[in-house]
Amino acid sequence: AFCLNPPRSRERNFRLFALLKLSLVLKAFCLNPSRSFPLIKALSPASSPSRILCTASAKTQEDMSGVVKSVGKLGFPYKTLDPFLFCVYHKDDYPAGDTKMQAPRRGNGADFDWSQPYRMYHGDRIPGFPQHPHRGFETITVTTQGLCDHTDSMGNAGRYGEGDLQWMTAGGGIVHGEMFPLIHQDRPNPLRLFQLWINLPAKSKMVPPTFCMHWHEKIPKISREGAEVVVYAGALEGLSALPPPPESYASQPGSDVAVLTVDLQPGASYTIPPAAGGASTNRVLYFVEGAGVKIGGQELGEHLMVTVDASKPCDVQGVGPGPSQVLMLQGKPIGEPVAQHGPFVMNTQAEIQ
């Protein structure tokens, strides 16, 4: 019933699916078997105070010269700056699925071939990432097209996508899976989503895991003259994003965390205002879709990452023949040592071992 349930009845389904107690033998893989965690709670938008992270938003006359600090190639994953650890843009043109929502071909267990129209990743017949552990950081999954099925070791399960966001603080440890069901049998099932990892400070590494769902109808958006900005984290023009989990780094005063997408029609522009934290905040813009944009007055004809001075306004303009999209990641550095082994992120190698 979970797999065949229509994806649009999401909020009701998450409550229903939370009743499915998943028998995960992998739970002991990363979680201390002697420790019990409370059930992950879905947070209401009113459960955490909002903060204004950006001031003034309309185009200003302030000098934007020198806003661009560096321009670099996009890799896999994208390079990120503290507090972010990881950023991947999943762009897969999945074909029609069968009656079991499966792809026409079988995965090889580690299918990341970017020369193909789509990848199976670690999935077998349904693409995605079967059960795997996380500890010591947070994941943010931003969907723009397609669907994701979530299950975890706390007994939660559900389907989301088409603009929804899931924010999960892994903290002391959780096992979860993210699969991409091909629900349409009569047409393609394209997938577009950003997978972000954001670090946790040492004091929060072992907090109990939790997550919150941000449904796309409630996520703040700004639209004007061919530009649309989606505010997934932080605030813009007086609009505050839905609150992150309570133990998230983004919930801490002064973290200055913001996640935005800027979609532009040809000739349209939007000026991102200075960050509240000024030059001490890290800010990176990723040009991910479209033929061309200008960022801070610098024209880009290929998909690149641009590190900018967060103390200055940054103009983003679409200059290509079609629509363009830019992702912005921003935050005050945590400034602590990072020891990482796969999906485990601590401060020292001893903590990993």
# chains A, B, ... in the order shown; residues from 1 in each chain; ligands from 1
call {"tool": "closest_atom_pairs", "arguments": {"of": "stretch 213-294 of chain A", "to": "stretch 333-347 of chain A", "cutoff": "12 Å", "atoms": "only C-alpha atoms", "output": "CSV"}}
result
residue,atom,partner,partner_atom,distance
A:Tyr249,CA,A:Ile334,CA,8.8
A:Ala250,CA,A:Ile334,CA,10.9
A:Gln252,CA,A:Ile334,CA,11.0
A:Gly254,CA,A:Pro333,CA,10.3
A:Ser255,CA,A:Pro333,CA,7.8
A:Asp256,CA,A:Pro333,CA,9.2
A:Val257,CA,A:Pro333,CA,9.5
A:Gly277,CA,A:Pro333,CA,10.4
A:Ala279,CA,A:Pro333,CA,11.2
A:Ser280,CA,A:Pro333,CA,7.9
A:Thr281,CA,A:Pro333,CA,6.7
A:Asn282,CA,A:Pro333,CA,6.8
A:Arg283,CA,A:Pro333,CA,10.2
call {"tool": "write_last_selection", "arguments": {"atoms": "all heavy atoms", "output": "PDB file, in the first residue's frame"}}
result
ATOM      1  N   TYR A 249      22.430  22.915  13.209  1.00  0.00           N
ATOM      2  CA  TYR A 249      23.337  24.063  13.283  1.00  0.00           C
ATOM      3  C   TYR A 249      22.626  25.329  12.832  1.00  0.00           C
ATOM      4  O   TYR A 249      22.865  26.419  13.359  1.00  0.00           O
ATOM      5  CB  TYR A 249      24.578  23.812  12.416  1.00  0.00           C
ATOM      6  CG  TYR A 249      25.510  25.000  12.354  1.00  0.00           C
ATOM      7  CD1 TYR A 249      26.098  25.509  13.513  1.00  0.00           C
ATOM      8  CD2 TYR A 249      25.806  25.619  11.142  1.00  0.00           C
ATOM      9  CE1 TYR A 249      26.949  26.605  13.464  1.00  0.00           C
ATOM     10  CE2 TYR A 249      26.663  26.707  11.080  1.00  0.00           C
ATOM     11  CZ  TYR A 249      27.233  27.209  12.241  1.00  0.00           C
ATOM     12  OH  TYR A 249      28.075  28.290  12.191  1.00  0.00           O
ATOM     13  N   ALA A 250      21.713  25.193  11.865  1.00  0.00           N
ATOM     14  CA  ALA A 250      20.979  26.356  11.358  1.00  0.00           C
ATOM     15  C   ALA A 250      20.054  26.957  12.398  1.00  0.00           C
ATOM     16  O   ALA A 250      19.616  28.106  12.252  1.00  0.00           O
ATOM     17  CB  ALA A 250      20.186  25.974  10.113  1.00  0.00           C
ATOM     18  N   GLN A 252      20.995  27.549  15.454  1.00  0.00           N
ATOM     19  CA  GLN A 252      21.811  28.280  16.412  1.00  0.00           C
ATOM     20  C   GLN A 252      21.927  29.751  16.006  1.00  0.00           C
ATOM     21  O   GLN A 252      22.168  30.052  14.830  1.00  0.00           O
ATOM     22  CB  GLN A 252      23.198  27.646  16.510  1.00  0.00           C
ATOM     23  CG  GLN A 252      23.169  26.213  17.003  1.00  0.00           C
ATOM     24  CD  GLN A 252      24.559  25.641  17.201  1.00  0.00           C
ATOM     25  OE1 GLN A 252      25.541  26.368  17.280  1.00  0.00           O
ATOM     26  NE2 GLN A 252      24.638  24.324  17.286  1.00  0.00           N
ATOM     27  N   GLY A 254      23.243  33.190  14.966  1.00  0.00           N
ATOM     28  CA  GLY A 254      24.495  33.589  14.333  1.00  0.00           C
ATOM     29  C   GLY A 254      25.045  32.609  13.324  1.00  0.00           C
ATOM     30  O   GLY A 254      26.102  32.862  12.725  1.00  0.00           O
ATOM     31  N   SER A 255      24.355  31.472  13.088  1.00  0.00           N
ATOM     32  CA  SER A 255      24.870  30.505  12.108  1.00  0.00           C
ATOM     33  C   SER A 255      24.804  31.039  10.685  1.00  0.00           C
ATOM     34  O   SER A 255      25.573  30.609   9.816  1.00  0.00           O
ATOM     35  CB  SER A 255      24.092  29.193  12.192  1.00  0.00           C
ATOM     36  OG  SER A 255      22.733  29.386  11.813  1.00  0.00           O
ATOM     37  N   ASP A 256      23.870  31.955  10.430  1.00  0.00           N
ATOM     38  CA  ASP A 256      23.756  32.623   9.128  1.00  0.00           C
ATOM     39  C   ASP A 256      23.574  31.642   7.967  1.00  0.00           C
ATOM     40  O   ASP A 256      23.981  31.905   6.841  1.00  0.00           O
ATOM     41  CB  ASP A 256      24.978  33.496   8.883  1.00  0.00           C
ATOM     42  CG  ASP A 256      24.664  34.749   8.071  1.00  0.00           C
ATOM     43  OD1 ASP A 256      23.471  35.048   7.867  1.00  0.00           O
ATOM     44  OD2 ASP A 256      25.614  35.430   7.644  1.00  0.00           O
ATOM     45  N   VAL A 257      22.956  30.487   8.246  1.00  0.00           N
ATOM     46  CA  VAL A 257      22.751  29.473   7.206  1.00  0.00           C
ATOM     47  C   VAL A 257      21.606  29.896   6.289  1.00  0.00           C
ATOM     48  O   VAL A 257      20.542  30.319   6.751  1.00  0.00           O
ATOM     49  CB  VAL A 257      22.448  28.098   7.833  1.00  0.00           C
ATOM     50  CG1 VAL A 257      21.992  27.097   6.769  1.00  0.00           C
ATOM     51  CG2 VAL A 257      23.671  27.574   8.570  1.00  0.00           C
ATOM     52  N   GLY A 277      25.957  38.053   8.469  1.00  0.00           N
ATOM     53  CA  GLY A 277      27.291  37.864   9.048  1.00  0.00           C
ATOM     54  C   GLY A 277      28.402  38.547   8.305  1.00  0.00           C
ATOM     55  O   GLY A 277      29.569  38.462   8.714  1.00  0.00           O
ATOM     56  N   ALA A 279      31.376  39.562   5.776  1.00  0.00           N
ATOM     57  CA  ALA A 279      32.469  38.857   5.110  1.00  0.00           C
ATOM     58  C   ALA A 279      32.886  37.587   5.838  1.00  0.00           C
ATOM     59  O   ALA A 279      33.550  36.722   5.253  1.00  0.00           O
ATOM     60  CB  ALA A 279      33.670  39.791   4.961  1.00  0.00           C
ATOM     61  N   SER A 280      32.514  37.426   7.101  1.00  0.00           N
ATOM     62  CA  SER A 280      32.887  36.219   7.843  1.00  0.00           C
ATOM     63  C   SER A 280      31.994  35.030   7.503  1.00  0.00           C
ATOM     64  O   SER A 280      32.261  33.902   7.938  1.00  0.00           O
ATOM     65  CB  SER A 280      32.836  36.484   9.353  1.00  0.00           C
ATOM     66  OG  SER A 280      31.510  36.796   9.759  1.00  0.00           O
ATOM     67  N   THR A 281      30.929  35.252   6.738  1.00  0.00           N
ATOM     68  CA  THR A 281      30.044  34.179   6.286  1.00  0.00           C
ATOM     69  C   THR A 281      30.524  33.653   4.943  1.00  0.00           C
ATOM     70  O   THR A 281      30.908  34.432   4.066  1.00  0.00           O
ATOM     71  CB  THR A 281      28.600  34.699   6.171  1.00  0.00           C
ATOM     72  OG1 THR A 281      28.094  34.980   7.478  1.00  0.00           O
ATOM     73  CG2 THR A 281      27.686  33.689   5.498  1.00  0.00           C
ATOM     74  N   ASN A 282      30.510  32.347   4.777  1.00  0.00           N
ATOM     75  CA  ASN A 282      30.833  31.735   3.484  1.00  0.00           C
ATOM     76  C   ASN A 282      29.594  31.716   2.603  1.00  0.00           C
ATOM     77  O   ASN A 282      28.507  31.354   3.070  1.00  0.00           O
ATOM     78  CB  ASN A 282      31.351  30.310   3.673  1.00  0.00           C
ATOM     79  CG  ASN A 282      32.773  30.268   4.196  1.00  0.00           C
ATOM     80  OD1 ASN A 282      33.560  31.180   3.953  1.00  0.00           O
ATOM     81  ND2 ASN A 282      33.115  29.209   4.914  1.00  0.00           N
ATOM     82  N   ARG A 283      29.773  32.079   1.337  1.00  0.00           N
ATOM     83  CA  ARG A 283      28.654  32.070   0.380  1.00  0.00           C
ATOM     84  C   ARG A 283      29.160  31.574  -0.972  1.00  0.00           C
ATOM     85  O   ARG A 283      30.127  32.121  -1.520  1.00  0.00           O
ATOM     86  CB  ARG A 283      28.043  33.462   0.241  1.00  0.00           C
ATOM     87  CG  ARG A 283      26.934  33.562  -0.786  1.00  0.00           C
ATOM     88  CD  ARG A 283      26.395  34.981  -0.924  1.00  0.00           C
ATOM     89  NE  ARG A 283      25.422  35.304   0.122  1.00  0.00           N
ATOM     90  CZ  ARG A 283      24.800  36.485   0.208  1.00  0.00           C
ATOM     91  NH1 ARG A 283      25.063  37.447  -0.675  1.00  0.00           N
ATOM     92  NH2 ARG A 283      23.914  36.704   1.165  1.00  0.00           N
TER      93      ARG A 283
END
call {"tool": "select_by_dssp", "arguments": {"residues": "stretch 191-239 of chain A", "states": "helix (DSSP H, G or I)", "output": "number ranges by chain"}}
result
A: 202-204, 216-218
call {"tool": "residues_around", "arguments": {"residues": "stretch 293-296 of chain A", "least_positions_apart": "2", "cutoff": "6 Å", "atoms": "only C-alpha atoms", "output": "NGL selection string"}}
result
:A and (67 or 298-300 or 314-319)
call {"tool": "closest_residue", "arguments": {"among": "A:Gly331, A:Gly163, A:Gly136, A:Pro77", "to": "A:Ala275", "atoms": "only C-alpha atoms"}}
result
A:Gly331
call {"tool": "residues_around", "arguments": {"residues": "A:Gly177", "least_positions_apart": "4", "cutoff": "12 Å", "atoms": "only C-alpha atoms", "output": "list in words"}}
result
Leu22, Leu24, Leu26, Lys27, His122, Gly123, Ile126, Pro127, Gly128, Phe129, Pro130, Gln131, His132, Pro133, His134, Cys148, Asp149, His150, Thr151, Asp152, Ser153, Met154, Gly155, Asn156, Ala157, Gly158 and Arg159 of chain A
call {"tool": "closest_residue", "arguments": {"among": "A:Lys79, A:Lys69, A:Arg187, A:Arg125", "to": "A:Ala103", "atoms": "only C-alpha atoms"}}
result
A:Arg125
call {"tool": "atom_distance", "arguments": {"atom1": "atom CA of A:Met305", "atom2": "atom CA of A:Phe194"}}
result
14.6 Å
call {"tool": "residues_around", "arguments": {"residues": "A:Ser324", "least_positions_apart": "6", "cutoff": "9 Å", "atoms": "only C-alpha atoms", "output": "PyMOL selection string"}}
result
chain A and resi 262-266+287-293+317-318
call {"tool": "closest_residue", "arguments": {"among": "A:Val142, A:Glu228, A:Ser248, A:Pro274", "to": "A:Lys203", "atoms": "only C-alpha atoms"}}
result
A:Ser248
